[in-house]
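Undergrad: Got a structure for you, structure-v2.cif, holding mmCIF, C-alpha atoms.
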```cif
data_structure
loop_
_atom_site.label_atom_id
_atom_site.label_comp_id
_atom_site.auth_asym_id
_atom_site.auth_seq_id
_atom_site.Cartn_x
_atom_site.Cartn_y
_atom_site.Cartn_z
CA MET A 1 215.05 64.33 198.51
CA ASN A 2 211.55 64.47 200.05
CA LEU A 3 211.93 60.79 200.93
CA PHE A 4 215.12 60.87 202.98
CA GLY A 5 215.21 64.53 203.96
CA LEU A 6 218.00 67.07 204.21
CA PHE A 7 220.04 68.20 207.19
CA LEU A 8 218.21 70.48 209.61
CA PRO A 9 220.37 72.21 212.27
CA GLY A 10 219.35 71.60 215.86
CA ASP A 11 220.55 71.01 219.42
CA SER A 12 218.97 67.63 220.19
CA TRP A 13 220.97 64.69 221.49
CA LEU A 14 220.78 63.12 218.02
CA HIS A 15 222.36 66.21 216.49
CA ARG A 16 225.20 65.94 219.00
CA LEU A 17 225.65 62.19 218.59
CA GLY A 18 228.62 61.13 216.46
CA ALA A 19 227.96 60.06 212.88
CA GLY A 20 229.49 56.64 213.53
CA TRP A 21 227.01 55.95 216.32
CA LYS A 22 224.17 57.02 214.04
CA TYR A 23 225.30 54.58 211.37
CA LEU A 24 225.36 51.86 214.03
CA LEU A 25 221.87 52.89 215.17
CA LEU A 26 220.66 52.62 211.57
CA LEU A 27 222.01 49.07 211.32
CA VAL A 28 220.52 48.04 214.69
CA LEU A 29 217.09 49.30 213.69
CA THR A 30 217.01 47.68 210.24
CA ILE A 31 219.19 44.55 210.01
CA PRO A 32 217.84 42.41 212.91
CA VAL A 33 214.19 42.80 211.84
CA LEU A 34 215.14 41.71 208.32
CA ILE A 35 216.74 38.56 209.72
CA VAL A 36 213.96 37.72 212.22
CA SER A 37 211.14 38.60 209.79
CA LEU A 38 208.33 38.60 212.38
CA PRO A 39 205.54 41.19 212.79
CA ALA A 40 206.15 42.06 216.45
CA PRO A 41 209.87 42.98 216.16
CA SER A 42 209.18 44.92 212.96
CA LEU A 43 206.44 46.99 214.60
CA VAL A 44 208.60 47.59 217.68
CA ALA A 45 211.49 48.77 215.49
CA LEU A 46 209.12 51.10 213.64
CA GLY A 47 207.79 52.54 216.89
CA VAL A 48 211.29 53.05 218.31
CA THR A 49 212.43 54.75 215.11
CA MET A 50 209.50 57.17 215.17
CA LEU A 51 210.17 57.97 218.83
CA LEU A 52 213.83 58.65 218.03
CA LEU A 53 212.77 61.01 215.24
CA ALA A 54 210.48 62.78 217.69
CA SER A 55 213.38 63.16 220.14
CA ALA A 56 215.35 65.02 217.43
CA LYS A 57 213.02 68.00 218.02
CA ILE A 58 212.19 68.27 214.33
CA ARG A 59 208.77 69.42 213.23
CA PRO A 60 206.60 66.28 212.78
CA THR A 61 205.59 67.23 209.25
CA LEU A 62 209.27 67.28 208.27
CA ALA A 63 210.28 64.23 210.30
CA TRP A 64 207.42 61.83 209.59
CA GLN A 65 205.71 63.01 206.40
CA LEU A 66 206.45 60.81 203.38
CA PRO A 67 205.70 61.49 199.70
CA LEU A 68 202.65 59.90 198.10
CA GLY A 69 204.75 57.77 195.77
CA PHE A 70 206.33 56.01 198.74
CA TRP A 71 202.94 55.10 200.20
CA VAL A 72 201.83 53.76 196.84
CA VAL A 73 204.86 51.46 196.69
CA ALA A 74 204.38 50.36 200.32
CA ALA A 75 200.69 49.64 199.68
CA MET A 76 201.52 47.61 196.59
CA LEU A 77 204.09 45.52 198.45
CA GLY A 78 201.80 44.92 201.41
CA GLY A 79 198.79 44.32 199.18
CA TYR A 80 200.63 41.68 197.20
CA GLN A 81 201.41 39.78 200.39
CA LEU A 82 197.78 40.02 201.49
CA VAL A 83 196.54 38.72 198.15
CA THR A 84 198.89 35.75 198.44
CA ALA A 85 197.61 35.12 201.99
CA HIS A 86 200.90 36.03 203.69
CA PHE A 87 199.36 38.28 206.34
CA ASP A 88 202.36 38.31 208.70
CA LEU A 89 204.71 39.02 205.81
CA ALA A 90 202.53 41.95 204.70
CA ILE A 91 203.10 43.57 208.09
CA VAL A 92 206.81 42.73 208.11
CA VAL A 93 207.54 44.04 204.62
CA THR A 94 205.58 47.27 205.06
CA ALA A 95 206.87 48.01 208.57
CA ASN A 96 210.49 47.25 207.64
CA LEU A 97 210.30 49.50 204.58
CA ILE A 98 208.93 52.42 206.60
CA THR A 99 211.47 51.78 209.36
CA ALA A 100 214.34 51.84 206.86
CA VAL A 101 213.24 55.23 205.51
CA TYR A 102 212.70 56.76 208.96
CA ALA A 103 215.99 55.33 210.23
CA SER A 104 217.74 56.90 207.24
CA ARG A 105 216.16 60.20 208.19
CA LEU A 106 217.75 59.90 211.62
CA LEU A 107 221.04 60.23 209.75
CA THR A 108 220.22 62.76 207.08
CA LEU A 109 218.09 65.16 209.14
CA THR A 110 220.53 65.41 212.05
CA THR A 111 223.92 65.18 210.30
CA PRO A 112 225.43 67.25 207.47
CA GLY A 113 226.12 65.24 204.32
CA ALA A 114 229.85 65.99 204.42
CA VAL A 115 230.09 64.60 207.97
CA LEU A 116 228.28 61.41 206.93
CA ILE A 117 230.66 60.88 204.02
CA ASP A 118 233.72 61.56 206.20
CA ALA A 119 232.49 59.00 208.75
CA LEU A 120 231.96 56.42 206.02
CA VAL A 121 235.45 57.04 204.63
CA ALA A 122 236.93 56.61 208.11
CA ALA A 123 235.04 53.33 208.59
CA LEU A 124 236.36 51.99 205.28
CA ARG A 125 240.02 52.76 205.97
CA PRO A 126 240.73 49.30 207.49
CA LEU A 127 239.70 47.82 204.12
CA ARG A 128 242.55 49.62 202.37
CA ARG A 129 244.61 46.45 202.81
CA LEU A 130 242.07 44.63 200.64
CA GLY A 131 242.47 47.13 197.83
CA VAL A 132 239.58 49.44 198.75
CA ASN A 133 240.30 53.15 198.38
CA PRO A 134 238.13 54.89 201.02
CA GLU A 135 238.66 58.36 199.52
CA GLN A 136 237.49 57.19 196.11
CA VAL A 137 234.41 55.58 197.65
CA GLY A 138 233.62 58.80 199.51
CA LEU A 139 234.07 60.87 196.35
CA ALA A 140 231.85 58.51 194.37
CA ILE A 141 229.08 58.79 196.98
CA ALA A 142 229.41 62.58 197.07
CA ILE A 143 229.09 62.74 193.28
CA MET A 144 226.07 60.45 193.38
CA LEU A 145 224.34 62.61 196.02
CA ARG A 146 225.04 65.76 194.01
CA SER A 147 223.71 64.12 190.85
CA VAL A 148 220.33 63.14 192.29
CA PRO A 149 218.94 66.72 192.49
CA VAL A 150 220.28 67.43 189.00
CA LEU A 151 218.48 64.43 187.53
CA LEU A 152 215.27 65.22 189.42
CA ASP A 153 215.40 68.79 188.16
CA SER A 154 215.95 67.53 184.61
CA PHE A 155 212.92 65.26 184.87
CA GLY A 156 210.81 68.15 186.19
CA GLN A 157 211.84 70.40 183.32
CA VAL A 158 211.20 67.69 180.73
CA ARG A 159 207.80 66.89 182.20
CA GLN A 160 206.78 70.55 182.13
CA ALA A 161 207.90 70.84 178.51
CA ALA A 162 205.96 67.68 177.61
CA GLN A 163 202.84 69.01 179.35
CA ALA A 164 203.10 72.25 177.39
CA ARG A 165 203.08 70.21 174.18
CA GLY A 166 200.33 67.86 175.35
CA ARG A 167 202.72 64.87 175.34
CA GLU A 168 202.90 64.16 179.09
CA ARG A 169 201.57 60.62 178.53
CA ASN A 170 204.22 59.79 175.96
CA LEU A 171 206.79 57.77 177.93
CA PHE A 172 209.38 58.05 175.16
CA ALA A 173 209.05 61.83 175.12
CA LEU A 174 209.68 61.91 178.88
CA VAL A 175 212.46 59.37 179.24
CA THR A 176 214.66 60.14 176.21
CA PRO A 177 215.51 63.78 177.09
CA VAL A 178 216.20 62.81 180.70
CA VAL A 179 218.58 60.06 179.60
CA VAL A 180 220.36 62.45 177.23
CA ARG A 181 220.74 65.01 180.00
CA ALA A 182 221.96 62.33 182.44
CA VAL A 183 224.63 61.21 179.97
CA GLY A 184 225.67 64.80 179.39
CA HIS A 185 225.92 65.42 183.14
CA ALA A 186 227.99 62.25 183.57
CA GLN A 187 230.37 63.29 180.78
CA ALA A 188 230.75 66.79 182.22
CA THR A 189 231.43 65.35 185.67
CA GLY A 190 233.99 62.92 184.26
CA ALA A 191 235.75 65.71 182.37
CA ALA A 192 235.87 67.84 185.54
CA LEU A 193 237.37 64.95 187.50
CA ALA A 194 239.92 64.22 184.79
CA ALA A 195 240.96 67.90 184.73
CA ARG A 196 241.73 67.58 188.43
CA GLY A 197 243.70 64.37 188.04
CA LEU A 198 240.87 62.16 189.31
CA GLY A 199 239.94 60.49 186.04
CA GLU A 200 240.58 56.97 187.36
CA ILE A 201 237.66 57.12 189.83
#
```
Please express what this file holds, its structure, as structure tokens.

TA:
Amino acid sequence: MNLFGLFLPGDSWLHRLGAGWKYLLLLVLTIPVLIVSLPAPSLVALGVTMLLLASAKIRPTLAWQLPLGFWVVAAMLGGYQLVTAHFDLAIVVTANLITAVYASRLLTLTTPGAVLIDALVAALRPLRRLGVNPEQVGLAIAIMLRSVPVLLDSFGQVRQAAQARGRERNLFALVTPVVVRAVGHAQATGAALAARGLGEI
């Protein structure tokens, strides 16, 4: 949740912009630079994205700050390209990754989650003729978003318990309880859906 951010109420033009236009903005900022794969467009897209975040009138520490784990991953990806002598690609990969995260924040920080899901469901309605059920897709995404904090909380609790027992370096001791809790959460969610007549999702 620290990576993509949560909705923050505001009165900026981005807060007032429709969710559909924000989805389009996300695609414009991320897809072309992936296709072109050149340093200059990637850096321009990154700069534009950061300026757009600034225009949302959100405190810079909330808008731009990224968790340490993200920077580690970005450094590893860029470092690998540098080691293999792909200097331009190192810039492209790193800039595009940061742009994608910041562009996602344009959505999540300025739009409530329910509005984003409703907009996605509306966009998928033309695909109903192809057998796609937009409401089921929206429900699946909503369940996924609700499950992420639960799983993160489970991992935090398990890690604290492992630290108390001096087993924080035992990968098996960390992963197994989290997997068990994840399965239990999935079963409970499935049972709740089935009780409401939504068991086929």

Undergrad: Given the point (227.5, 64.2, 209.8) in the coordinates of this file, which residues lie within 12 Å, counting only C-alpha atoms, and how would they look as number ranges by chain?

TA: A: 6-9, 14-23, 106-121

Undergrad: I need the residue set behind the PyMOL selection byres ((chain A and resi 94) around 8) for this file; please write it as a VMD selection string.

TA: chain A and resid 74 to 75 77 to 78 90 to 93 95 to 98

Undergrad: Quick one: everything within 10 Å of A:Leu27, counting all atoms listed in the file, minus sequence neighbours fewer than 6 positions away in the same chain. Send it as a ChimeraX atom specification.

TA: /A:21,100,103-104

Undergrad: For A:Ala45, which of A:Val72, A:Arg59, A:Arg129, A:Thr99 is the closest residue, counting all atoms listed in the file?

TA: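 The shortest atom-to-atom distance to A:Ala45 comes from A:Thr99.
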
Undergrad: Provide the atom CA of A:Ala40 to atom CA of A:Ile58 distance in Å, to one decimal place.

TA: 27.0 Å

Undergrad: What does the distance between atom CA of A:Leu53 and atom CA of A:Thr30 come to in Å, to one decimal place?

TA: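 Between these atoms lies a distance of 14.9 Å.
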
Undergrad: Any idea what the distance is between atom CA of A:Val101 and atom CA of A:Pro126?

TA: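 Atom CA of A:Val101 sits 28.2 Å away from atom CA of A:Pro126.
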
Undergrad: Have a look at A:Ala162, A:Leu89, A:Leu130, A:Leu82 and name the one nearest to A:Leu34; count all atoms listed in the file.

TA: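 Looking at the shortest contact to A:Leu34, the residue is A:Leu89.
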
Undergrad: My list of candidates is A:Ala56, A:Ala85, A:Met50, A:Val73. Which is closest to A:Trp13 when distances are computed with only C-alpha atoms?

TA: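 When distances to A:Trp13 are compared using only C-alpha atoms, the smallest one comes from A:Ala56.
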
Undergrad: Output, as JSON, the centre and edge lengths in Å (one decimal) of the axis-aligned box that contains all listed atoms of stretch 97-101 of chain A with 5 Å of margin on each side.

TA:
```
{"center_x": 211.6, "center_y": 52.4, "center_z": 207.0, "size_x": 15.4, "size_y": 15.7, "size_z": 14.8}
```

Undergrad: Tell me which of A:Val132, A:Leu25, A:Gly156, A:His86 sits closest to A:Leu52, counting only C-alpha atoms.

TA: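 Going through A:Val132, A:Leu25, A:Gly156, A:His86 one by one, the smallest distance to A:Leu52 is for A:Leu25.
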